[in-house]
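Structure data follow from coords_11.pdb (PDB, C-alpha atoms and all ligand atoms):
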MODEL        1
ATOM      1  CA  MET E 693       7.760 -25.201  14.690
ATOM      2  CA  SER E 694       8.130 -28.867  13.946
ATOM      3  CA  SER E 695       5.279 -31.188  14.798
ATOM      4  CA  ASN E 696       6.839 -32.614  17.955
ATOM      5  CA  GLU E 697       7.498 -29.263  19.630
ATOM      6  CA  THR E 698       4.947 -27.738  21.970
ATOM      7  CA  PRO E 699       4.042 -24.189  21.043
ATOM      8  CA  ARG E 700       4.987 -21.511  23.512
ATOM      9  CA  GLY E 701       1.765 -19.848  24.593
ATOM     10  CA  PRO E 702       0.782 -16.584  26.229
ATOM     11  CA  VAL E 703       1.921 -15.339  29.643
ATOM     12  CA  ASP E 704      -0.222 -16.960  32.360
ATOM     13  CA  SER E 705      -2.605 -14.224  33.502
ATOM     14  CA  SER E 706      -3.452 -16.099  36.702
ATOM     15  CA  ARG E 707       0.160 -15.602  37.806
ATOM     16  CA  ILE E 708       1.285 -12.386  36.173
ATOM     17  CA  PRO E 709      -1.345  -9.639  36.057
ATOM     18  CA  ARG E 710      -2.493  -9.155  32.523
ATOM     19  CA  TYR E 711      -1.904  -5.434  32.676
ATOM     20  CA  ALA E 712       1.796  -5.896  33.593
ATOM     21  CA  GLY E 713       4.662  -5.818  31.147
ATOM     22  CA  PRO E 714       4.937  -4.740  27.522
ATOM     23  CA  ALA E 715       2.020  -5.670  25.262
ATOM     24  CA  THR E 716       2.319  -8.327  22.600
ATOM     25  CA  PHE E 717      -0.766  -9.648  20.834
ATOM     26  CA  ALA E 718      -2.695 -11.802  23.354
ATOM     27  CA  ARG E 719       0.439 -11.774  25.593
ATOM     28  CA  LEU E 720       2.081 -14.210  23.191
ATOM     29  CA  PRO E 721       5.858 -14.540  22.906
ATOM     30  CA  ARG E 722       7.725 -12.337  20.483
ATOM     31  CA  LEU E 723       8.758 -13.960  17.243
ATOM     32  CA  ASP E 724      12.458 -13.514  18.075
ATOM     33  CA  GLU E 725      11.867 -15.486  21.300
ATOM     34  CA  VAL E 726      10.549 -18.531  19.454
ATOM     35  CA  GLY E 727      12.530 -18.353  16.218
ATOM     36  CA  THR E 728       9.796 -19.172  13.749
ATOM     37  CA  ALA E 729       6.035 -19.193  13.993
ATOM     38  CA  ASP E 730       3.099 -20.796  12.213
ATOM     39  CA  VAL E 731       1.177 -17.555  12.514
ATOM     40  CA  ALA E 732       3.012 -14.238  12.821
ATOM     41  CA  VAL E 733       1.017 -11.310  14.160
ATOM     42  CA  VAL E 734       2.594  -8.182  12.716
ATOM     43  CA  GLY E 735       1.862  -4.490  13.115
ATOM     44  CA  VAL E 736       2.066  -2.042  10.224
ATOM     45  CA  PRO E 737       2.053   1.479  11.693
ATOM     46  CA  PHE E 738       1.289   3.340   8.473
ATOM     47  CA  ASP E 739      -1.506   5.842   7.820
ATOM     48  CA  SER E 740      -0.182   8.137   5.109
ATOM     49  CA  GLY E 741      -2.820   6.808   2.688
ATOM     50  CA  VAL E 742      -5.927   8.145   4.429
ATOM     51  CA  SER E 743      -8.525  10.465   2.898
ATOM     52  CA  TYR E 744      -9.993  11.807   6.153
ATOM     53  CA  ARG E 745      -9.033  11.377   9.805
ATOM     54  CA  PRO E 746      -5.444  10.183  10.365
ATOM     55  CA  GLY E 747      -4.283   8.057  13.306
ATOM     56  CA  ALA E 748      -4.426   4.396  12.218
ATOM     57  CA  ARG E 749      -0.632   4.270  12.586
ATOM     58  CA  PHE E 750      -1.370   3.780  16.285
ATOM     59  CA  GLY E 751      -3.902   0.997  15.635
ATOM     60  CA  GLY E 752      -1.635  -2.017  15.969
ATOM     61  CA  ASN E 753      -0.395  -1.087  19.405
ATOM     62  CA  ALA E 754      -3.924  -0.218  20.566
ATOM     63  CA  ILE E 755      -5.068  -3.668  19.459
ATOM     64  CA  ARG E 756      -2.146  -5.280  21.297
ATOM     65  CA  GLU E 757      -3.079  -3.380  24.481
ATOM     66  CA  ALA E 758      -6.740  -4.390  24.178
ATOM     67  CA  SER E 759      -5.747  -8.012  23.505
ATOM     68  CA  ARG E 760      -4.349  -8.442  27.042
ATOM     69  CA  LEU E 761      -7.745  -9.751  28.113
ATOM     70  CA  LEU E 762      -7.981 -12.505  25.505
ATOM     71  CA  ARG E 763      -7.911 -15.978  27.052
ATOM     72  CA  PRO E 764      -6.284 -19.090  25.602
ATOM     73  CA  TYR E 765      -9.428 -21.174  24.921
ATOM     74  CA  ASN E 766     -11.875 -20.027  22.241
ATOM     75  CA  PRO E 767     -15.217 -21.706  23.009
ATOM     76  CA  ALA E 768     -16.886 -20.378  19.862
ATOM     77  CA  GLN E 769     -14.517 -22.509  17.770
ATOM     78  CA  ASP E 770     -13.831 -25.121  20.475
ATOM     79  CA  ALA E 771     -10.099 -24.589  20.112
ATOM     80  CA  SER E 772      -7.039 -23.381  22.001
ATOM     81  CA  PRO E 773      -5.421 -21.509  19.120
ATOM     82  CA  PHE E 774      -2.078 -20.886  20.816
ATOM     83  CA  ALA E 775      -1.668 -24.556  21.773
ATOM     84  CA  LEU E 776      -2.566 -25.892  18.318
ATOM     85  CA  ALA E 777       0.120 -23.895  16.539
ATOM     86  CA  GLN E 778       2.895 -21.468  17.348
ATOM     87  CA  VAL E 779       1.458 -17.967  17.173
ATOM     88  CA  ALA E 780       3.920 -15.164  17.918
ATOM     89  CA  ASP E 781       4.092 -11.394  17.768
ATOM     90  CA  GLY E 782       6.497 -10.314  15.042
ATOM     91  CA  GLY E 783       6.580  -6.661  16.104
ATOM     92  CA  ASP E 784       6.090  -3.882  13.587
ATOM     93  CA  ILE E 785       7.139  -3.377   9.993
ATOM     94  CA  ALA E 786       8.751   0.065  10.250
ATOM     95  CA  VAL E 787       7.767   2.005   7.134
ATOM     96  CA  ASN E 788       8.476   5.462   5.746
ATOM     97  CA  PRO E 789       5.571   7.776   6.630
ATOM     98  CA  PHE E 790       6.673  10.374   4.054
ATOM     99  CA  ASN E 791       6.867   8.160   0.967
ATOM    100  CA  ILE E 792       3.895   5.933   0.209
ATOM    101  CA  ASN E 793       5.544   4.078  -2.672
ATOM    102  CA  GLU E 794       8.532   3.221  -0.556
ATOM    103  CA  ALA E 795       6.270   2.158   2.330
ATOM    104  CA  VAL E 796       4.301  -0.142   0.025
ATOM    105  CA  ASP E 797       7.539  -1.763  -1.183
ATOM    106  CA  THR E 798       8.845  -2.172   2.377
ATOM    107  CA  ILE E 799       5.630  -3.892   3.481
ATOM    108  CA  GLU E 800       5.749  -6.271   0.519
ATOM    109  CA  ALA E 801       9.391  -7.182   1.201
ATOM    110  CA  ALA E 802       8.755  -7.749   4.918
ATOM    111  CA  ALA E 803       5.720  -9.907   4.132
ATOM    112  CA  ASP E 804       7.820 -11.904   1.622
ATOM    113  CA  ASP E 805      10.370 -12.607   4.362
ATOM    114  CA  LEU E 806       7.744 -13.720   6.882
ATOM    115  CA  LEU E 807       5.750 -15.836   4.434
ATOM    116  CA  GLY E 808       9.060 -17.315   3.258
ATOM    117  CA  THR E 809       9.571 -18.809   6.735
ATOM    118  CA  GLY E 810       6.312 -20.728   6.280
ATOM    119  CA  ALA E 811       4.260 -18.437   8.551
ATOM    120  CA  ARG E 812       0.770 -17.173   7.808
ATOM    121  CA  LEU E 813       0.307 -13.489   8.504
ATOM    122  CA  MET E 814      -2.158 -11.822  10.830
ATOM    123  CA  THR E 815      -1.462  -8.153  10.178
ATOM    124  CA  LEU E 816      -2.642  -5.301  12.392
ATOM    125  CA  GLY E 817      -2.927  -1.988  10.527
ATOM    126  CA  GLY E 818      -2.417   0.707   9.672
ATOM    127  CA  ASP E 819      -4.731   2.115   7.043
ATOM    128  CA  HIS E 820      -6.175   0.039   4.225
ATOM    129  CA  THR E 821      -3.385   0.941   1.788
ATOM    130  CA  ILE E 822      -1.352  -1.862   3.364
ATOM    131  CA  ALA E 823      -3.631  -4.582   2.000
ATOM    132  CA  LEU E 824      -2.139  -4.153  -1.500
ATOM    133  CA  PRO E 825       1.486  -5.068  -0.695
ATOM    134  CA  LEU E 826       0.259  -7.847   1.600
ATOM    135  CA  LEU E 827      -1.855  -9.309  -1.206
ATOM    136  CA  ARG E 828       1.051  -9.017  -3.635
ATOM    137  CA  SER E 829       3.181 -11.057  -1.299
ATOM    138  CA  VAL E 830       0.495 -13.653  -0.590
ATOM    139  CA  ALA E 831      -0.179 -14.050  -4.345
ATOM    140  CA  LYS E 832       3.524 -14.689  -4.993
ATOM    141  CA  LYS E 833       3.221 -17.680  -2.704
ATOM    142  CA  HIS E 834      -0.281 -18.978  -3.476
ATOM    143  CA  GLY E 835      -1.200 -17.501  -6.864
ATOM    144  CA  PRO E 836      -4.285 -15.272  -7.188
ATOM    145  CA  VAL E 837      -6.288 -15.532  -3.962
ATOM    146  CA  ALA E 838      -9.960 -15.311  -3.078
ATOM    147  CA  LEU E 839     -10.671 -12.102  -1.165
ATOM    148  CA  LEU E 840     -13.212 -11.500   1.521
ATOM    149  CA  HIS E 841     -13.271  -7.800   2.284
ATOM    150  CA  PHE E 842     -15.222  -6.549   5.309
ATOM    151  CA  ASP E 843     -15.646  -2.785   5.035
ATOM    152  CA  ALA E 844     -18.184   0.023   4.893
ATOM    153  CA  HIS E 845     -16.336   1.107   1.745
ATOM    154  CA  LEU E 846     -15.614  -0.497  -1.596
ATOM    155  CA  ASP E 847     -11.938   0.544  -1.670
ATOM    156  CA  THR E 848     -11.993  -0.061  -5.418
ATOM    157  CA  TRP E 849     -11.811   3.621  -6.347
ATOM    158  CA  ASP E 850      -9.167   4.677  -8.858
ATOM    159  CA  THR E 851      -7.112   7.580  -7.464
ATOM    160  CA  TYR E 852      -7.253  10.387  -4.901
ATOM    161  CA  PHE E 853      -5.429  13.612  -5.802
ATOM    162  CA  GLY E 854      -3.813  11.557  -8.544
ATOM    163  CA  ALA E 855      -2.384   9.097  -6.008
ATOM    164  CA  GLU E 856      -2.677   5.410  -6.918
ATOM    165  CA  TYR E 857      -1.804   3.957  -3.537
ATOM    166  CA  THR E 858      -4.312   5.120  -0.915
ATOM    167  CA  HIS E 859      -6.688   3.488   1.537
ATOM    168  CA  GLY E 860      -9.571   3.881  -0.924
ATOM    169  CA  THR E 861      -7.854   2.126  -3.856
ATOM    170  CA  PRO E 862      -6.020  -1.078  -2.821
ATOM    171  CA  PHE E 863      -8.443  -3.568  -4.350
ATOM    172  CA  ARG E 864      -8.686  -1.875  -7.757
ATOM    173  CA  ARG E 865      -4.884  -2.005  -7.937
ATOM    174  CA  ALA E 866      -4.947  -5.652  -6.846
ATOM    175  CA  VAL E 867      -7.455  -6.569  -9.588
ATOM    176  CA  GLU E 868      -5.390  -4.649 -12.183
ATOM    177  CA  GLU E 869      -2.290  -6.551 -11.090
ATOM    178  CA  GLY E 870      -4.019  -9.926 -11.462
ATOM    179  CA  ILE E 871      -3.266 -10.997  -7.895
ATOM    180  CA  LEU E 872      -6.885 -11.741  -6.974
ATOM    181  CA  ASP E 873      -9.005 -14.685  -8.078
ATOM    182  CA  THR E 874     -11.831 -12.661  -9.637
ATOM    183  CA  SER E 875     -14.257 -15.564  -9.391
ATOM    184  CA  ALA E 876     -14.287 -15.246  -5.579
ATOM    185  CA  LEU E 877     -14.292 -11.609  -4.482
ATOM    186  CA  SER E 878     -16.764 -10.290  -1.935
ATOM    187  CA  HIS E 879     -17.322  -7.131   0.033
ATOM    188  CA  VAL E 880     -19.240  -7.528   3.294
ATOM    189  CA  GLY E 881     -20.731  -4.698   5.352
ATOM    190  CA  THR E 882     -20.853  -2.219   2.473
ATOM    191  CA  ARG E 883     -22.955   0.904   3.021
ATOM    192  CA  GLY E 884     -22.988   4.672   2.885
ATOM    193  CA  PRO E 885     -22.846   7.361   0.214
ATOM    194  CA  LEU E 886     -20.765   6.889  -2.927
ATOM    195  CA  TYR E 887     -19.383   9.326  -5.524
ATOM    196  CA  GLY E 888     -21.820   7.982  -8.148
ATOM    197  CA  LYS E 889     -23.597   4.859  -9.349
ATOM    198  CA  GLN E 890     -20.570   4.157 -11.553
ATOM    199  CA  ASP E 891     -18.634   3.169  -8.402
ATOM    200  CA  LEU E 892     -20.899   0.119  -8.176
ATOM    201  CA  THR E 893     -20.772  -0.688 -11.878
ATOM    202  CA  ASP E 894     -16.966  -0.511 -11.888
ATOM    203  CA  ASP E 895     -16.792  -2.654  -8.785
ATOM    204  CA  GLU E 896     -19.072  -5.299 -10.284
ATOM    205  CA  LYS E 897     -17.004  -5.374 -13.472
ATOM    206  CA  MET E 898     -13.933  -6.130 -11.378
ATOM    207  CA  GLY E 899     -15.781  -9.232 -10.171
ATOM    208  CA  PHE E 900     -16.904  -8.227  -6.676
ATOM    209  CA  GLY E 901     -20.135  -9.375  -5.096
ATOM    210  CA  ILE E 902     -21.600  -7.194  -2.360
ATOM    211  CA  VAL E 903     -23.240  -8.198   0.910
ATOM    212  CA  THR E 904     -24.395  -4.906   2.410
ATOM    213  CA  SER E 905     -24.656  -4.315   6.151
ATOM    214  CA  ALA E 906     -28.460  -4.314   5.689
ATOM    215  CA  ASP E 907     -28.202  -7.754   3.998
ATOM    216  CA  VAL E 908     -26.326  -9.056   7.035
ATOM    217  CA  TYR E 909     -29.034  -7.672   9.317
ATOM    218  CA  ARG E 910     -31.889  -9.088   7.217
ATOM    219  CA  ARG E 911     -30.419 -12.498   6.365
ATOM    220  CA  GLY E 912     -28.376 -13.164   9.461
ATOM    221  CA  ALA E 913     -24.760 -14.157   9.975
ATOM    222  CA  ASP E 914     -25.182 -17.919   9.381
ATOM    223  CA  GLU E 915     -26.845 -17.583   6.004
ATOM    224  CA  VAL E 916     -24.308 -14.965   4.891
ATOM    225  CA  ALA E 917     -21.406 -17.179   5.988
ATOM    226  CA  ASP E 918     -22.901 -20.178   4.143
ATOM    227  CA  GLN E 919     -23.192 -18.195   0.929
ATOM    228  CA  LEU E 920     -19.644 -16.838   1.236
ATOM    229  CA  ARG E 921     -18.262 -20.291   1.961
ATOM    230  CA  GLN E 922     -19.862 -21.654  -1.177
ATOM    231  CA  ARG E 923     -18.395 -18.865  -3.274
ATOM    232  CA  ILE E 924     -14.911 -19.313  -1.811
ATOM    233  CA  GLY E 925     -14.780 -23.126  -1.925
ATOM    234  CA  ASP E 926     -11.272 -24.448  -1.268
ATOM    235  CA  ARG E 927      -9.423 -21.543  -2.895
ATOM    236  CA  PRO E 928      -6.632 -19.917  -0.878
ATOM    237  CA  LEU E 929      -8.417 -17.108   0.944
ATOM    238  CA  TYR E 930      -7.252 -13.723   2.196
ATOM    239  CA  ILE E 931      -9.544 -11.876   4.622
ATOM    240  CA  SER E 932      -9.146  -8.117   4.922
ATOM    241  CA  ILE E 933     -11.124  -6.486   7.713
ATOM    242  CA  ASP E 934     -11.537  -2.738   7.822
ATOM    243  CA  ILE E 935     -12.863  -2.157  11.330
ATOM    244  CA  ASP E 936     -15.216   0.489   9.886
ATOM    245  CA  CYS E 937     -17.330  -2.439   8.624
ATOM    246  CA  LEU E 938     -18.719  -2.177  12.150
ATOM    247  CA  ASP E 939     -21.221   0.508  13.081
ATOM    248  CA  PRO E 940     -19.619   3.565  14.709
ATOM    249  CA  ALA E 941     -21.385   2.429  17.905
ATOM    250  CA  HIS E 942     -19.160  -0.683  17.795
ATOM    251  CA  ALA E 943     -16.089   0.973  16.310
ATOM    252  CA  PRO E 944     -15.957   4.738  16.835
ATOM    253  CA  GLY E 945     -12.156   4.760  16.654
ATOM    254  CA  THR E 946     -11.696   4.828  12.918
ATOM    255  CA  GLY E 947     -10.919   7.355  10.208
ATOM    256  CA  THR E 948     -13.923   7.232   7.858
ATOM    257  CA  PRO E 949     -16.956   6.174   9.943
ATOM    258  CA  GLU E 950     -20.315   5.449   8.276
ATOM    259  CA  ALA E 951     -23.671   4.983  10.052
ATOM    260  CA  GLY E 952     -25.718   1.801   9.760
ATOM    261  CA  GLY E 953     -23.003  -0.809  10.151
ATOM    262  CA  MET E 954     -22.754  -4.370  11.403
ATOM    263  CA  THR E 955     -22.478  -5.262  15.071
ATOM    264  CA  SER E 956     -19.310  -6.853  16.401
ATOM    265  CA  ARG E 957     -21.411  -9.957  17.147
ATOM    266  CA  GLU E 958     -22.396 -10.240  13.480
ATOM    267  CA  LEU E 959     -18.800  -9.869  12.318
ATOM    268  CA  LEU E 960     -17.456 -12.478  14.755
ATOM    269  CA  GLU E 961     -20.259 -14.907  13.893
ATOM    270  CA  ILE E 962     -19.656 -14.606  10.137
ATOM    271  CA  LEU E 963     -15.951 -15.276  10.694
ATOM    272  CA  ARG E 964     -16.685 -18.368  12.783
ATOM    273  CA  GLY E 965     -18.907 -19.584   9.957
ATOM    274  CA  LEU E 966     -15.874 -19.443   7.646
ATOM    275  CA  ALA E 967     -13.686 -21.644   9.836
ATOM    276  CA  SER E 968     -13.451 -24.363   7.170
ATOM    277  CA  CYS E 969     -12.056 -22.002   4.497
ATOM    278  CA  ASN E 970      -8.371 -22.157   3.569
ATOM    279  CA  LEU E 971      -7.344 -18.890   5.236
ATOM    280  CA  VAL E 972      -3.775 -18.129   4.165
ATOM    281  CA  SER E 973      -3.410 -14.675   5.739
ATOM    282  CA  ALA E 974      -5.512 -11.797   7.045
ATOM    283  CA  ASP E 975      -5.420  -8.185   8.133
ATOM    284  CA  VAL E 976      -7.395  -5.972  10.513
ATOM    285  CA  VAL E 977      -6.986  -2.320   9.577
ATOM    286  CA  GLU E 978      -8.193   1.243  10.168
ATOM    287  CA  VAL E 979      -8.251   1.267  13.982
ATOM    288  CA  ALA E 980      -7.549   4.893  14.913
ATOM    289  CA  PRO E 981      -7.352   5.019  18.717
ATOM    290  CA  ALA E 982      -7.534   8.810  19.033
ATOM    291  CA  TYR E 983     -11.258   8.657  18.167
ATOM    292  CA  ASP E 984     -11.903   5.608  20.333
ATOM    293  CA  HIS E 985     -13.642   5.524  23.704
ATOM    294  CA  ALA E 986     -13.001   2.964  26.422
ATOM    295  CA  GLU E 987     -11.114   0.812  23.860
ATOM    296  CA  ILE E 988     -14.425  -0.123  22.176
ATOM    297  CA  THR E 989     -12.809  -0.323  18.757
ATOM    298  CA  SER E 990      -9.557  -1.948  19.763
ATOM    299  CA  VAL E 991     -11.382  -4.573  21.848
ATOM    300  CA  ALA E 992     -13.534  -5.411  18.802
ATOM    301  CA  ALA E 993     -10.403  -5.529  16.625
ATOM    302  CA  SER E 994      -8.543  -7.759  19.103
ATOM    303  CA  HIS E 995     -11.408 -10.259  19.175
ATOM    304  CA  THR E 996     -11.591 -10.154  15.388
ATOM    305  CA  ALA E 997      -7.874 -10.970  15.110
ATOM    306  CA  TYR E 998      -8.367 -13.722  17.729
ATOM    307  CA  GLU E 999     -11.049 -15.443  15.629
ATOM    308  CA  LEU E1000      -8.854 -15.176  12.545
ATOM    309  CA  THR E1001      -5.785 -16.608  14.292
ATOM    310  CA  THR E1002      -7.969 -19.393  15.683
ATOM    311  CA  ILE E1003      -9.089 -20.325  12.163
ATOM    312  CA  MET E1004      -5.467 -20.382  10.962
ATOM    313  CA  SER E1005      -4.177 -22.383  13.957
ATOM    314  CA  ARG E1006      -6.888 -24.999  13.590
ATOM    315  CA  GLN E1007      -6.050 -25.470   9.934
ATOM    316  CA  ILE E1008      -2.324 -25.708  10.617
ATOM    317  CA  ALA E1009      -2.946 -28.327  13.314
ATOM    318  CA  ALA E1010      -5.318 -30.290  11.072
ATOM    319  CA  ALA E1011      -2.834 -30.247   8.174
ATOM    320  CA  ARG E1012      -0.084 -31.462  10.499
ATOM    321  CA  LYS E1013      -2.257 -34.296  11.741
ATOM    322  CA  ASP E1014      -3.056 -35.307   8.153
ATOM    323  CA  ALA E1015       0.623 -35.268   7.231
ATOM    324  CA  GLU E1016       1.502 -37.417  10.253
ATOM    325  CA  ALA E1017      -1.197 -39.948   9.380
ATOM    326  CA  LYS E1018       0.382 -40.468   5.930
TER     327      LYS E1018
HETATM  328  N1  LIG E1101     -10.648   2.348   3.503
HETATM  329  C1  LIG E1101     -11.291   3.227   4.181
HETATM  330  N2  LIG E1101     -11.418   3.098   5.484
HETATM  331  N3  LIG E1101     -11.877   4.284   3.661
HETATM  332  C2  LIG E1101     -11.888   4.594   2.260
HETATM  333  C3  LIG E1101     -12.652   5.867   2.084
HETATM  334  C4  LIG E1101     -12.221   6.567   0.868
HETATM  335  C5  LIG E1101     -12.947   7.893   0.663
HETATM  336  O1  LIG E1101     -12.703   8.811   1.433
HETATM  337  O2  LIG E1101     -13.708   7.986  -0.275
HETATM  338 ZN    ZN E1102     -13.632   1.509   5.225
HETATM  339 ZN    ZN E1103     -11.155   0.100   3.825
ENDMDL
END
In structure tokens, how does this file's structure come out?
Amino acid sequence: MSSNETPRGPVDSSRIPRYAGPATFARLPRLDEVGTADVAVVGVPFDSGVSYRPGARFGGNAIREASRLLRPYNPAQDASPFALAQVADGGDIAVNPFNINEAVDTIEAAADDLLGTGARLMTLGGDHTIALPLLRSVAKKHGPVALLHFDAHLDTWDTYFGAEYTHGTPFRRAVEEGILDTSALSHVGTRGPLYGKQDLTDDEKMGFGIVTSADVYRRGADEVADQLRQRIGDRPLYISIDIDCLDPAHAPGTGTPEAGGMTSRELLEILRGLASCNLVSADVVEVAPAYDHAEITSVAASHTAYELTTIMSRQIAAARKDAEAK
């Protein structure tokens, strides 16, 4: 979208019932309807990398369905994200469910194409395996990126059944490949049993700092966001959100649930506290609707993606304004 075009926003829910018609994220136009977008929301229906309950391949569409109730003005960030920039639903990246290596390559190539148009990506998973090809693509464009990883799990394990590409291993691969800025890596919401203490030592050696879910509870969202912001500075930032960072009470619909997690309020508040960071792309993964109830998980995921797209839209609009002033 050039600066003098008005973005095409969501369907007006005061005229067309929000439950009518096919679901796109937040009832936004499809990418093919607008040509190019500043932020492309893309589904990745892939869950062949999971170690426990399957079903995250249906996550993206569940999030789209739950996002019908999102409204165009976000008071928490005082912004109308879909008016500030063109946000559009790019549909799904169709990947091979029987061949993980091929799926990983397909995701990377599709992300290259989308990022090549100048869009930032808001990806809806899918299991956490998909973060690796997305990070590869983002790093090709921006160089090694800062990573903020919200998750109950570390996802820096080495292999499962000898497999390198799984939902428990994306960030170890990413560190090995040199696509992350190891001076700004953080896990948030970490908790639950590990295989051994070595998991933590390995993780620390890779450069990760950990904010546990208990830390979030004790210190509060604002203080946690302040600390993260300082660590990230103005580096290009990728945010990866495994919905199991939330307590199973807030996100039952996921494949590897762990007790003692963050509330959805804490997650949303931390994200809002990061609004000044240079967010280049993000994902929300591990929504498995078969274990969900009353769309609890997909509603939380849709609001999470809404905050993330709001951050991106605000930055795009601010950058445009700066460029125009010059
Ligand atoms: N990324 C997610 N959701 N889970 C990783 C858990 C890996 C394990 O079963 O040890
Ligand atoms: Zn997890
Ligand atoms: Zn994960």
Could you list, as a CSV table (one decimal) with C-alpha atoms, in the coordinates of the input, all protein and nucleic acid residues with an atom at most 10 Å from ligand ZN 1102 (chain E), counting all atoms listed in the file?
chain,number,residue,atom,x,y,z
E,819,ASP,CA,-4.7,2.1,7.0
E,820,HIS,CA,-6.2,0.0,4.2
E,841,HIS,CA,-13.3,-7.8,2.3
E,842,PHE,CA,-15.2,-6.5,5.3
E,843,ASP,CA,-15.6,-2.8,5.0
E,844,ALA,CA,-18.2,0.0,4.9
E,845,HIS,CA,-16.3,1.1,1.7
E,846,LEU,CA,-15.6,-0.5,-1.6
E,847,ASP,CA,-11.9,0.5,-1.7
E,859,HIS,CA,-6.7,3.5,1.5
E,860,GLY,CA,-9.6,3.9,-0.9
E,881,GLY,CA,-20.7,-4.7,5.4
E,882,THR,CA,-20.9,-2.2,2.5
E,883,ARG,CA,-23.0,0.9,3.0
E,933,ILE,CA,-11.1,-6.5,7.7
E,934,ASP,CA,-11.5,-2.7,7.8
E,935,ILE,CA,-12.9,-2.2,11.3
E,936,ASP,CA,-15.2,0.5,9.9
E,937,CYS,CA,-17.3,-2.4,8.6
E,938,LEU,CA,-18.7,-2.2,12.2
E,946,THR,CA,-11.7,4.8,12.9
E,947,GLY,CA,-10.9,7.4,10.2
E,948,THR,CA,-13.9,7.2,7.9
E,949,PRO,CA,-17.0,6.2,9.9
E,950,GLU,CA,-20.3,5.4,8.3
E,977,VAL,CA,-7.0,-2.3,9.6
E,978,GLU,CA,-8.2,1.2,10.2
- Query: Just how far from atom CA of E:Val837 is atom CA of E:Met1004, in Å to one decimal?
  - Reply: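 Atom-to-atom, atom CA of E:Met1004 and atom CA of E:Val837 are spaced 15.7 Å apart.
Closest to ligand LIG 1101 (chain E) among E:Pro767, E:Pro825, E:Gly965, E:Gly747 is E:Gly747, based on all atoms listed in the file.
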task: List the neighbours of E:Gly752 out to 7 Å using all atoms listed in the file; skip same-chain residues closer than 3 positions along the sequence, and give me the result as a list in words.
output: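 Answer for this query is Gly735, Val736, Pro737, Ile755, Arg756, Leu816, Gly817 and Gly818 of chain E.
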**Prompt:** How many Å lie between atom CA of E:Lys1018 and atom CA of E:Glu697, rounded to one decimal?
**Reply:**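 Rounded to one decimal, the two atoms are 19.1 Å apart.
The protein and nucleic acid residues lying at most 10 Å from E:Arg828 are Ile799, Glu800, Ala801, Ala803, Asp804, Gly835, Pro836, Val837, Ala866, Glu869, Gly870, Ile871 and Leu872 of chain E, with only C-alpha atoms considered and sequence neighbours fewer than 6 positions away removed.
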Report as a ChimeraX atom specification all protein, DNA and RNA residues lying within 10 Å of stretch 714-719 of chain E, evaluated on all atoms listed in the file, omitting residues in the same chain fewer than 4 positions from it.
/E:701-705,710,732-735,752-764,774,779-783,816,994-995,997-998
Can you tell me, as JSON, the centre and edge lengths (Å, one decimal) of the axis-aligned box enclosing all of ligand LIG 1101 (chain E)'s listed atoms after padding each side by 6 Å?
{"center_x": -12.2, "center_y": 5.6, "center_z": 2.6, "size_x": 15.1, "size_y": 18.5, "size_z": 17.8}
Spatial neighbours of E:Ala917, max dist 9 Å, all atoms listed in the file, sep filter under 5 positions, as a PyMOL selection string:
chain E and resi 912+922+961-966
Can you work out the spacing between atom CA of E:Leu806 and atom CA of E:Asp784 in Å, to one decimal?
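So the answer is 12.0 Å.
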Problem set entry | Residue with smallest distance to ligand ZN 1103 (chain E) - pool E:Arg923, E:His879, E:Arg707, E:Lys832, counting all atoms listed in the file |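 The shortest atom-to-atom distance to ligand ZN 1103 (chain E) comes from E:His879.
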Tell me which protein, DNA and RNA residues are within 12 Å of E:Arg700, counting all atoms listed in the file, leaving out same-chain ones fewer than 5 positions away, and put them as an NGL selection string.
:E and (693 or 719-723 or 725-730 or 764 or 773-781)
Of E:Ala771, E:Ala855, E:Ile988, E:Ile822, the one sitting nearest ligand ZN 1103 (chain E) when using all atoms listed in the file is E:Ile822
key: Given the PyMOL selection byres (((chain E and resi 986) around 12) and not hetatm), the residues it picks as a PyMOL selection string   = chain E and resi 754+757-758+941-945+981-985+987-992
- Query: Which of these residues is nearest to ligand ZN 1103 (chain E), using only C-alpha atoms and all ligand atoms: E:Ala1017, E:Ala823, E:Ile902, E:Asp894?
  - Reply: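 Checking each of E:Ala1017, E:Ala823, E:Ile902, E:Asp894 against ligand ZN 1103 (chain E), counting only C-alpha atoms and all ligand atoms, the winner is E:Ala823.
Comparing the minimum interatomic distances between E:Leu813 and each of E:Ser740, E:Thr851, E:Ser829, E:Thr798, counting all atoms listed in the file, we find that E:Ser829 sits nearest.
You can rank E:Glu868, E:Asp891, E:Glu896, E:Asp797 by their closest distance to ligand LIG 1101 (chain E) using all atoms listed in the file, and at the top of that list sits E:Asp891.
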